[in-house]
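Novice: If it helps, the file is called target34.pdb and holds PDB, C-alpha atoms:
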```
ATOM      1  CA  MET R   1       0.000   0.000   0.000  1.00  0.00           C
ATOM      2  CA  ILE R   2       2.777   2.418   0.956  1.00  0.00           C
ATOM      3  CA  LEU R   3       4.649   1.768  -2.297  1.00  0.00           C
ATOM      4  CA  ALA R   4       1.469   2.280  -4.326  1.00  0.00           C
ATOM      5  CA  LEU R   5       0.658   5.617  -2.666  1.00  0.00           C
ATOM      6  CA  GLN R   6       4.141   6.847  -3.559  1.00  0.00           C
ATOM      7  CA  ALA R   7       3.056   6.781  -7.212  1.00  0.00           C
ATOM      8  CA  LEU R   8       1.258  10.051  -6.491  1.00  0.00           C
ATOM      9  CA  ARG R   9       3.151  13.278  -6.947  1.00  0.00           C
ATOM     10  CA  GLY R  10       4.059  14.894  -3.629  1.00  0.00           C
ATOM     11  CA  VAL R  11       3.691  11.622  -1.718  1.00  0.00           C
ATOM     12  CA  ALA R  12       7.047  10.148  -0.721  1.00  0.00           C
ATOM     13  CA  GLN R  13       7.717   7.463   1.886  1.00  0.00           C
ATOM     14  CA  MET R  14       7.004   9.432   5.085  1.00  0.00           C
ATOM     15  CA  THR R  15       3.837  10.943   3.663  1.00  0.00           C
ATOM     16  CA  ALA R  16       2.602   7.534   2.487  1.00  0.00           C
ATOM     17  CA  VAL R  17       3.327   5.997   5.891  1.00  0.00           C
ATOM     18  CA  SER R  18       1.411   8.806   7.604  1.00  0.00           C
ATOM     19  CA  ILE R  19      -1.542   8.414   5.233  1.00  0.00           C
ATOM     20  CA  VAL R  20      -1.751   4.676   5.887  1.00  0.00           C
ATOM     21  CA  SER R  21      -1.140   4.809   9.641  1.00  0.00           C
ATOM     22  CA  GLU R  22      -3.599   7.559  10.558  1.00  0.00           C
ATOM     23  CA  PRO R  23      -6.935   6.141   9.295  1.00  0.00           C
ATOM     24  CA  GLY R  24      -5.831   2.486   9.211  1.00  0.00           C
ATOM     25  CA  ILE R  25      -7.438   0.405   6.476  1.00  0.00           C
ATOM     26  CA  LEU R  26      -8.534   2.919   3.849  1.00  0.00           C
ATOM     27  CA  SER R  27     -11.062   0.584   2.233  1.00  0.00           C
ATOM     28  CA  ARG R  28     -13.163   0.753   5.405  1.00  0.00           C
ATOM     29  CA  PHE R  29     -14.468   4.035   4.034  1.00  0.00           C
ATOM     30  CA  LYS R  30     -17.306   3.261   1.634  1.00  0.00           C
ATOM     31  CA  SER R  31     -16.577   6.330  -0.480  1.00  0.00           C
ATOM     32  CA  PRO R  32     -13.844   8.932  -0.874  1.00  0.00           C
ATOM     33  CA  ARG R  33     -16.174  11.496   0.714  1.00  0.00           C
ATOM     34  CA  GLN R  34     -16.073   9.587   3.982  1.00  0.00           C
ATOM     35  CA  LEU R  35     -12.260   9.715   3.952  1.00  0.00           C
ATOM     36  CA  MET R  36     -12.385  13.432   3.178  1.00  0.00           C
ATOM     37  CA  SER R  37     -14.756  13.942   6.083  1.00  0.00           C
ATOM     38  CA  TYR R  38     -12.496  11.892   8.369  1.00  0.00           C
ATOM     39  CA  SER R  39      -9.649  14.274   7.572  1.00  0.00           C
ATOM     40  CA  GLY R  40     -11.748  17.402   8.147  1.00  0.00           C
ATOM     41  CA  LEU R  41     -11.199  18.671   4.596  1.00  0.00           C
ATOM     42  CA  VAL R  42     -14.900  19.242   3.943  1.00  0.00           C
ATOM     43  CA  SER R  43     -16.673  22.572   4.112  1.00  0.00           C
ATOM     44  CA  SER R  44     -18.879  23.445   7.047  1.00  0.00           C
ATOM     45  CA  GLU R  45     -22.516  24.079   6.308  1.00  0.00           C
ATOM     46  CA  TYR R  46     -25.071  26.442   7.778  1.00  0.00           C
ATOM     47  CA  SER R  47     -28.510  25.394   6.568  1.00  0.00           C
ATOM     48  CA  SER R  48     -31.994  26.518   7.381  1.00  0.00           C
ATOM     49  CA  GLY R  49     -34.990  25.668   5.249  1.00  0.00           C
ATOM     50  CA  ASN R  50     -34.160  26.102   1.578  1.00  0.00           C
ATOM     51  CA  ARG R  51     -31.050  28.179   2.298  1.00  0.00           C
ATOM     52  CA  ILE R  52     -27.676  26.416   2.214  1.00  0.00           C
ATOM     53  CA  GLN R  53     -24.520  28.313   3.048  1.00  0.00           C
ATOM     54  CA  ARG R  54     -21.123  26.649   2.997  1.00  0.00           C
ATOM     55  CA  GLY R  55     -18.217  27.951   5.043  1.00  0.00           C
ATOM     56  CA  ARG R  56     -14.620  27.103   5.849  1.00  0.00           C
ATOM     57  CA  ILE R  57     -13.323  23.562   6.229  1.00  0.00           C
ATOM     58  CA  THR R  58     -14.540  21.895   9.395  1.00  0.00           C
ATOM     59  CA  LYS R  59     -11.156  20.887  10.845  1.00  0.00           C
ATOM     60  CA  ALA R  60     -13.164  18.372  12.861  1.00  0.00           C
ATOM     61  CA  GLY R  61     -11.147  15.417  11.646  1.00  0.00           C
ATOM     62  CA  ASN R  62      -7.655  14.024  11.894  1.00  0.00           C
ATOM     63  CA  ALA R  63      -5.317  17.038  11.975  1.00  0.00           C
ATOM     64  CA  HIS R  64      -2.157  15.080  11.143  1.00  0.00           C
ATOM     65  CA  LEU R  65      -3.684  13.472   8.046  1.00  0.00           C
ATOM     66  CA  ARG R  66      -5.053  16.852   6.953  1.00  0.00           C
ATOM     67  CA  ARG R  67      -1.642  18.527   7.320  1.00  0.00           C
ATOM     68  CA  VAL R  68       0.190  15.770   5.431  1.00  0.00           C
ATOM     69  CA  ILE R  69      -2.312  15.790   2.555  1.00  0.00           C
ATOM     70  CA  VAL R  70      -2.272  19.578   2.216  1.00  0.00           C
ATOM     71  CA  GLU R  71       1.545  19.547   2.159  1.00  0.00           C
ATOM     72  CA  ALA R  72       1.467  16.917  -0.606  1.00  0.00           C
ATOM     73  CA  ALA R  73      -1.065  18.968  -2.589  1.00  0.00           C
ATOM     74  CA  TRP R  74       1.458  21.789  -3.059  1.00  0.00           C
ATOM     75  CA  ALA R  75       3.243  19.592  -5.631  1.00  0.00           C
ATOM     76  CA  TYR R  76       0.326  19.956  -8.042  1.00  0.00           C
ATOM     77  CA  ARG R  77       1.094  23.605  -8.806  1.00  0.00           C
ATOM     78  CA  HIS R  78       3.455  22.396 -11.525  1.00  0.00           C
ATOM     79  CA  LYS R  79       2.614  20.894 -14.908  1.00  0.00           C
ATOM     80  CA  PRO R  80       2.039  17.127 -15.086  1.00  0.00           C
ATOM     81  CA  TRP R  81       5.295  15.229 -15.450  1.00  0.00           C
ATOM     82  CA  VAL R  82       6.721  11.859 -14.450  1.00  0.00           C
ATOM     83  CA  GLY R  83      10.479  11.764 -14.071  1.00  0.00           C
ATOM     84  CA  GLY R  84      13.315  11.643 -11.603  1.00  0.00           C
ATOM     85  CA  ALA R  85      12.347  10.409  -8.148  1.00  0.00           C
ATOM     86  CA  LEU R  86       8.678   9.963  -9.087  1.00  0.00           C
ATOM     87  CA  LEU R  87       9.610   7.684 -11.985  1.00  0.00           C
ATOM     88  CA  LYS R  88      11.771   5.570  -9.640  1.00  0.00           C
ATOM     89  CA  ARG R  89       8.937   5.317  -7.103  1.00  0.00           C
ATOM     90  CA  GLN R  90       6.552   4.118  -9.825  1.00  0.00           C
ATOM     91  CA  GLN R  91       8.797   1.295 -11.044  1.00  0.00           C
ATOM     92  CA  GLY R  92       7.317  -2.117 -10.367  1.00  0.00           C
ATOM     93  CA  LEU R  93       3.802  -0.833  -9.709  1.00  0.00           C
ATOM     94  CA  GLY R  94       0.739  -2.022 -11.583  1.00  0.00           C
ATOM     95  CA  GLN R  95      -0.588  -0.077 -14.541  1.00  0.00           C
ATOM     96  CA  ALA R  96      -3.878   0.636 -12.748  1.00  0.00           C
ATOM     97  CA  VAL R  97      -2.056   2.510  -9.966  1.00  0.00           C
ATOM     98  CA  LYS R  98       0.064   4.452 -12.463  1.00  0.00           C
ATOM     99  CA  ASP R  99      -3.071   5.416 -14.400  1.00  0.00           C
ATOM    100  CA  ILE R 100      -4.752   6.742 -11.241  1.00  0.00           C
ATOM    101  CA  ALA R 101      -1.615   8.730 -10.368  1.00  0.00           C
ATOM    102  CA  TRP R 102      -1.434  10.221 -13.874  1.00  0.00           C
ATOM    103  CA  LYS R 103      -5.126  11.111 -13.810  1.00  0.00           C
ATOM    104  CA  ALA R 104      -4.539  12.799 -10.445  1.00  0.00           C
ATOM    105  CA  GLN R 105      -1.726  14.891 -11.885  1.00  0.00           C
ATOM    106  CA  TRP R 106      -3.835  16.120 -14.797  1.00  0.00           C
ATOM    107  CA  ARG R 107      -6.975  16.777 -12.789  1.00  0.00           C
ATOM    108  CA  LEU R 108      -5.309  18.506  -9.842  1.00  0.00           C
ATOM    109  CA  THR R 109      -2.977  20.634 -11.955  1.00  0.00           C
ATOM    110  CA  THR R 110      -5.892  21.758 -14.118  1.00  0.00           C
ATOM    111  CA  ARG R 111      -7.972  22.506 -11.033  1.00  0.00           C
ATOM    112  CA  TYR R 112      -5.107  24.542  -9.545  1.00  0.00           C
ATOM    113  CA  ARG R 113      -4.890  26.672 -12.689  1.00  0.00           C
ATOM    114  CA  LYS R 114      -8.650  27.225 -12.898  1.00  0.00           C
ATOM    115  CA  LEU R 115      -9.070  28.183  -9.243  1.00  0.00           C
ATOM    116  CA  SER R 116      -6.016  30.454  -9.330  1.00  0.00           C
ATOM    117  CA  ALA R 117      -7.308  32.150 -12.473  1.00  0.00           C
ATOM    118  CA  ARG R 118     -10.591  32.857 -10.657  1.00  0.00           C
ATOM    119  CA  GLY R 119      -8.638  34.771  -8.021  1.00  0.00           C
ATOM    120  CA  LYS R 120      -8.781  32.311  -5.127  1.00  0.00           C
ATOM    121  CA  ASN R 121      -5.929  32.642  -2.670  1.00  0.00           C
ATOM    122  CA  LYS R 122      -3.285  29.910  -2.753  1.00  0.00           C
ATOM    123  CA  PRO R 123      -3.941  28.294   0.643  1.00  0.00           C
ATOM    124  CA  GLN R 124      -7.618  27.959  -0.246  1.00  0.00           C
ATOM    125  CA  VAL R 125      -6.774  26.434  -3.626  1.00  0.00           C
ATOM    126  CA  ILE R 126      -4.290  23.989  -2.102  1.00  0.00           C
ATOM    127  CA  THR R 127      -6.831  22.921   0.503  1.00  0.00           C
ATOM    128  CA  ALA R 128      -9.297  22.153  -2.294  1.00  0.00           C
ATOM    129  CA  LEU R 129      -6.600  20.151  -4.093  1.00  0.00           C
ATOM    130  CA  GLY R 130      -5.829  18.258  -0.890  1.00  0.00           C
ATOM    131  CA  ARG R 131      -9.455  17.248  -0.588  1.00  0.00           C
ATOM    132  CA  GLU R 132      -9.461  15.863  -4.127  1.00  0.00           C
ATOM    133  CA  LEU R 133      -6.064  14.227  -3.575  1.00  0.00           C
ATOM    134  CA  LEU R 134      -7.664  12.191  -0.795  1.00  0.00           C
ATOM    135  CA  GLY R 135     -10.101  10.852  -3.385  1.00  0.00           C
ATOM    136  CA  PHE R 136      -7.194   9.583  -5.472  1.00  0.00           C
ATOM    137  CA  VAL R 137      -5.541   8.119  -2.360  1.00  0.00           C
ATOM    138  CA  TRP R 138      -8.761   6.240  -1.645  1.00  0.00           C
ATOM    139  CA  ALA R 139      -8.956   4.987  -5.260  1.00  0.00           C
ATOM    140  CA  ILE R 140      -5.397   3.624  -5.108  1.00  0.00           C
ATOM    141  CA  ALA R 141      -6.037   1.989  -1.726  1.00  0.00           C
ATOM    142  CA  VAL R 142      -9.185   0.255  -2.951  1.00  0.00           C
ATOM    143  CA  THR R 143      -7.433  -0.866  -6.151  1.00  0.00           C
ATOM    144  CA  ILE R 144      -4.504  -2.363  -4.227  1.00  0.00           C
ATOM    145  CA  GLU R 145      -6.713  -4.080  -1.658  1.00  0.00           C
ATOM    146  CA  THR R 146      -8.944  -5.494  -4.410  1.00  0.00           C
ATOM    147  CA  GLN R 147      -5.902  -6.874  -6.235  1.00  0.00           C
ATOM    148  CA  HIS R 148      -4.564  -8.311  -2.980  1.00  0.00           C
ATOM    149  CA  HIS R 149      -7.844 -10.099  -2.205  1.00  0.00           C
ATOM    150  CA  ALA R 150      -8.107 -11.420  -5.783  1.00  0.00           C
ATOM    151  CA  ALA R 151      -4.581 -12.869  -5.572  1.00  0.00           C
ATOM    152  CA  ALA R 152      -5.227 -14.542  -2.221  1.00  0.00           C
TER
END
```
Take the structure from the file and write it as structure tokens.
Specialist:
Amino acid sequence: MILALQALRGVAQMTAVSIVSEPGILSRFKSPRQLMSYSGLVSSEYSSGNRIQRGRITKAGNAHLRRVIVEAAWAYRHKPWVGGALLKRQQGLGQAVKDIAWKAQWRLTTRYRKLSARGKNKPQVITALGRELLGFVWAIAVTIETQHHAAA
């Protein structure tokens, strides 16, 4: 699992270990939204009747996981590219994991550019990227655990 998570840009060994150790088995979350909520990277909501108003992130989840994910999200400011240390970390991994990591690079980099162009401040943009990055982390975890159960 730790090796597979390192296929993502911005996620090296210590980050991957933190991601796996904080929530435990990632497939216990039925959807990526549950993992996002566990980390506290979801917006707060003030609702009454038909009115829905969303606010800042809740910060009601695991602070260490949230910090690690947001730090990793800073890597997606740059254009998509696989080379150097990232290429070495991806060697020996399955194609499904590499495809998820590549999709993450394209989606998160594009989202960074769009949100920045709209005038959002950088910490707010990076927090949004971190939330989506957790979705890709969940997808890789479920893929690896599915492959592991199929092989057993």
Novice: Kindly provide, as a ChimeraX atom specification, the polymer residues lying within 10 Å of (-8.0, 5.0, -4.9), counting only C-alpha atoms and using the coordinates exactly as they appear in the file.
Specialist: /R:4-5,26-27,31-32,96-97,100-101,133-145
Novice: For a test of reading the model, state the distance in Å between atom CA of Gly61 of chain R and atom CA of Tyr38 of chain R, rounded to one decimal.
Specialist: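 So the two atoms, atom CA of Gly61 of chain R and atom CA of Tyr38 of chain R, lie 5.0 Å apart.
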Novice: Would you translate the PyMOL selection byres ((chain R and resi 54) around 8) into the concrete set of residues it matches in this file, as a VMD selection string?
Specialist: chain R and resid 43 to 46 52 to 53 55 to 56
Novice: Rounded to one decimal in Å, what is the spacing between atom CA of Lys98 of chain R and atom CA of Ile19 of chain R?
Specialist: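 A separation of 18.2 Å between them.
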Novice: Counting all atoms listed in the file, figure out which residue out of R:Asp99, R:Gly130, R:Phe29, R:Ile57 gets nearest to Tyr76 of chain R.
Specialist: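 Result for the nearest residue to Tyr76 of chain R: R:Gly130.
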Novice: Written as a VMD selection string, what is the full residue list that the PyMOL selection byres ((chain R and resi 13) around 12) yields on the file shown?
Specialist: chain R and resid 1 to 12 14 to 20 68 72 85 to 86 89
Novice: Any chance you could build segment 15-49 of chain R out to N, CA and C atoms and write it as a PDB file, keeping the file's coordinate frame?
Specialist:
```
ATOM      1  N   THR R  15       5.219  10.522   3.879  1.00  0.00           N
ATOM      2  CA  THR R  15       3.837  10.943   3.663  1.00  0.00           C
ATOM      3  C   THR R  15       2.937   9.727   3.492  1.00  0.00           C
ATOM      4  N   ALA R  16       3.385   8.751   2.709  1.00  0.00           N
ATOM      5  CA  ALA R  16       2.602   7.534   2.487  1.00  0.00           C
ATOM      6  C   ALA R  16       2.402   6.767   3.792  1.00  0.00           C
ATOM      7  N   VAL R  17       3.443   6.685   4.604  1.00  0.00           N
ATOM      8  CA  VAL R  17       3.327   5.997   5.891  1.00  0.00           C
ATOM      9  C   VAL R  17       2.320   6.721   6.782  1.00  0.00           C
ATOM     10  N   SER R  18       2.361   8.033   6.794  1.00  0.00           N
ATOM     11  CA  SER R  18       1.411   8.806   7.604  1.00  0.00           C
ATOM     12  C   SER R  18      -0.018   8.604   7.116  1.00  0.00           C
ATOM     13  N   ILE R  19      -0.201   8.589   5.794  1.00  0.00           N
ATOM     14  CA  ILE R  19      -1.542   8.414   5.233  1.00  0.00           C
ATOM     15  C   ILE R  19      -2.114   7.053   5.606  1.00  0.00           C
ATOM     16  N   VAL R  20      -1.277   6.025   5.576  1.00  0.00           N
ATOM     17  CA  VAL R  20      -1.751   4.676   5.887  1.00  0.00           C
ATOM     18  C   VAL R  20      -1.955   4.499   7.389  1.00  0.00           C
ATOM     19  N   SER R  21      -1.065   5.063   8.198  1.00  0.00           N
ATOM     20  CA  SER R  21      -1.140   4.809   9.641  1.00  0.00           C
ATOM     21  C   SER R  21      -2.248   5.586  10.346  1.00  0.00           C
ATOM     22  N   GLU R  22      -2.592   6.749   9.862  1.00  0.00           N
ATOM     23  CA  GLU R  22      -3.599   7.559  10.558  1.00  0.00           C
ATOM     24  C   GLU R  22      -5.004   6.937  10.496  1.00  0.00           C
ATOM     25  N   PRO R  23      -5.580   6.711   9.308  1.00  0.00           N
ATOM     26  CA  PRO R  23      -6.935   6.141   9.295  1.00  0.00           C
ATOM     27  C   PRO R  23      -6.966   4.615   9.393  1.00  0.00           C
ATOM     28  N   GLY R  24      -5.835   3.944   9.201  1.00  0.00           N
ATOM     29  CA  GLY R  24      -5.831   2.486   9.211  1.00  0.00           C
ATOM     30  C   GLY R  24      -6.148   1.946   7.826  1.00  0.00           C
ATOM     31  N   ILE R  25      -7.057   1.011   7.753  1.00  0.00           N
ATOM     32  CA  ILE R  25      -7.438   0.405   6.476  1.00  0.00           C
ATOM     33  C   ILE R  25      -8.323   1.398   5.719  1.00  0.00           C
ATOM     34  N   LEU R  26      -7.822   1.877   4.594  1.00  0.00           N
ATOM     35  CA  LEU R  26      -8.534   2.919   3.849  1.00  0.00           C
ATOM     36  C   LEU R  26      -9.807   2.416   3.181  1.00  0.00           C
ATOM     37  N   SER R  27      -9.870   1.113   2.898  1.00  0.00           N
ATOM     38  CA  SER R  27     -11.062   0.584   2.233  1.00  0.00           C
ATOM     39  C   SER R  27     -12.241   0.479   3.196  1.00  0.00           C
ATOM     40  N   ARG R  28     -12.035   0.761   4.469  1.00  0.00           N
ATOM     41  CA  ARG R  28     -13.163   0.753   5.405  1.00  0.00           C
ATOM     42  C   ARG R  28     -14.115   1.913   5.132  1.00  0.00           C
ATOM     43  N   PHE R  29     -13.605   2.930   4.439  1.00  0.00           N
ATOM     44  CA  PHE R  29     -14.468   4.035   4.034  1.00  0.00           C
ATOM     45  C   PHE R  29     -15.200   3.614   2.762  1.00  0.00           C
ATOM     46  N   LYS R  30     -16.513   3.721   2.775  1.00  0.00           N
ATOM     47  CA  LYS R  30     -17.306   3.261   1.634  1.00  0.00           C
ATOM     48  C   LYS R  30     -17.144   4.151   0.410  1.00  0.00           C
ATOM     49  N   SER R  31     -16.756   5.403   0.632  1.00  0.00           N
ATOM     50  CA  SER R  31     -16.577   6.330  -0.480  1.00  0.00           C
ATOM     51  C   SER R  31     -15.443   7.289  -0.135  1.00  0.00           C
ATOM     52  N   PRO R  32     -14.905   7.957  -1.153  1.00  0.00           N
ATOM     53  CA  PRO R  32     -13.844   8.932  -0.874  1.00  0.00           C
ATOM     54  C   PRO R  32     -14.342  10.091  -0.010  1.00  0.00           C
ATOM     55  N   ARG R  33     -15.627  10.405  -0.103  1.00  0.00           N
ATOM     56  CA  ARG R  33     -16.174  11.496   0.714  1.00  0.00           C
ATOM     57  C   ARG R  33     -16.058  11.202   2.203  1.00  0.00           C
ATOM     58  N   GLN R  34     -16.210   9.945   2.573  1.00  0.00           N
ATOM     59  CA  GLN R  34     -16.073   9.587   3.982  1.00  0.00           C
ATOM     60  C   GLN R  34     -14.637   9.801   4.452  1.00  0.00           C
ATOM     61  N   LEU R  35     -13.661   9.476   3.606  1.00  0.00           N
ATOM     62  CA  LEU R  35     -12.260   9.715   3.952  1.00  0.00           C
ATOM     63  C   LEU R  35     -11.981  11.211   4.045  1.00  0.00           C
ATOM     64  N   MET R  36     -12.552  11.980   3.140  1.00  0.00           N
ATOM     65  CA  MET R  36     -12.385  13.432   3.178  1.00  0.00           C
ATOM     66  C   MET R  36     -12.976  14.011   4.470  1.00  0.00           C
ATOM     67  N   SER R  37     -14.113  13.490   4.859  1.00  0.00           N
ATOM     68  CA  SER R  37     -14.756  13.942   6.083  1.00  0.00           C
ATOM     69  C   SER R  37     -13.930  13.546   7.306  1.00  0.00           C
ATOM     70  N   TYR R  38     -13.353  12.354   7.270  1.00  0.00           N
ATOM     71  CA  TYR R  38     -12.496  11.892   8.369  1.00  0.00           C
ATOM     72  C   TYR R  38     -11.308  12.835   8.572  1.00  0.00           C
ATOM     73  N   SER R  39     -10.808  13.382   7.481  1.00  0.00           N
ATOM     74  CA  SER R  39      -9.649  14.274   7.572  1.00  0.00           C
ATOM     75  C   SER R  39     -10.041  15.704   7.957  1.00  0.00           C
ATOM     76  N   GLY R  40     -11.310  16.046   7.842  1.00  0.00           N
ATOM     77  CA  GLY R  40     -11.748  17.402   8.147  1.00  0.00           C
ATOM     78  C   GLY R  40     -11.595  18.357   6.982  1.00  0.00           C
ATOM     79  N   LEU R  41     -11.372  17.835   5.786  1.00  0.00           N
ATOM     80  CA  LEU R  41     -11.199  18.671   4.596  1.00  0.00           C
ATOM     81  C   LEU R  41     -12.505  18.872   3.840  1.00  0.00           C
ATOM     82  N   VAL R  42     -13.609  18.965   4.564  1.00  0.00           N
ATOM     83  CA  VAL R  42     -14.900  19.242   3.943  1.00  0.00           C
ATOM     84  C   VAL R  42     -15.405  20.576   4.476  1.00  0.00           C
ATOM     85  N   SER R  43     -16.198  21.258   3.693  1.00  0.00           N
ATOM     86  CA  SER R  43     -16.673  22.572   4.112  1.00  0.00           C
ATOM     87  C   SER R  43     -17.775  22.443   5.160  1.00  0.00           C
ATOM     88  N   SER R  44     -17.800  23.402   6.065  1.00  0.00           N
ATOM     89  CA  SER R  44     -18.879  23.445   7.047  1.00  0.00           C
ATOM     90  C   SER R  44     -20.129  23.965   6.352  1.00  0.00           C
ATOM     91  N   GLU R  45     -21.265  23.687   6.946  1.00  0.00           N
ATOM     92  CA  GLU R  45     -22.516  24.079   6.308  1.00  0.00           C
ATOM     93  C   GLU R  45     -23.461  24.682   7.336  1.00  0.00           C
ATOM     94  N   TYR R  46     -24.063  25.780   6.958  1.00  0.00           N
ATOM     95  CA  TYR R  46     -25.071  26.442   7.778  1.00  0.00           C
ATOM     96  C   TYR R  46     -26.360  26.424   6.968  1.00  0.00           C
ATOM     97  N   SER R  47     -27.297  25.566   7.358  1.00  0.00           N
ATOM     98  CA  SER R  47     -28.510  25.394   6.568  1.00  0.00           C
ATOM     99  C   SER R  47     -29.740  25.695   7.406  1.00  0.00           C
ATOM    100  N   SER R  48     -30.713  26.264   6.757  1.00  0.00           N
ATOM    101  CA  SER R  48     -31.994  26.518   7.381  1.00  0.00           C
ATOM    102  C   SER R  48     -33.036  26.600   6.274  1.00  0.00           C
ATOM    103  N   GLY R  49     -33.969  25.683   6.298  1.00  0.00           N
ATOM    104  CA  GLY R  49     -34.990  25.668   5.249  1.00  0.00           C
ATOM    105  C   GLY R  49     -34.372  25.399   3.893  1.00  0.00           C
TER     106      GLY R  49
END
```
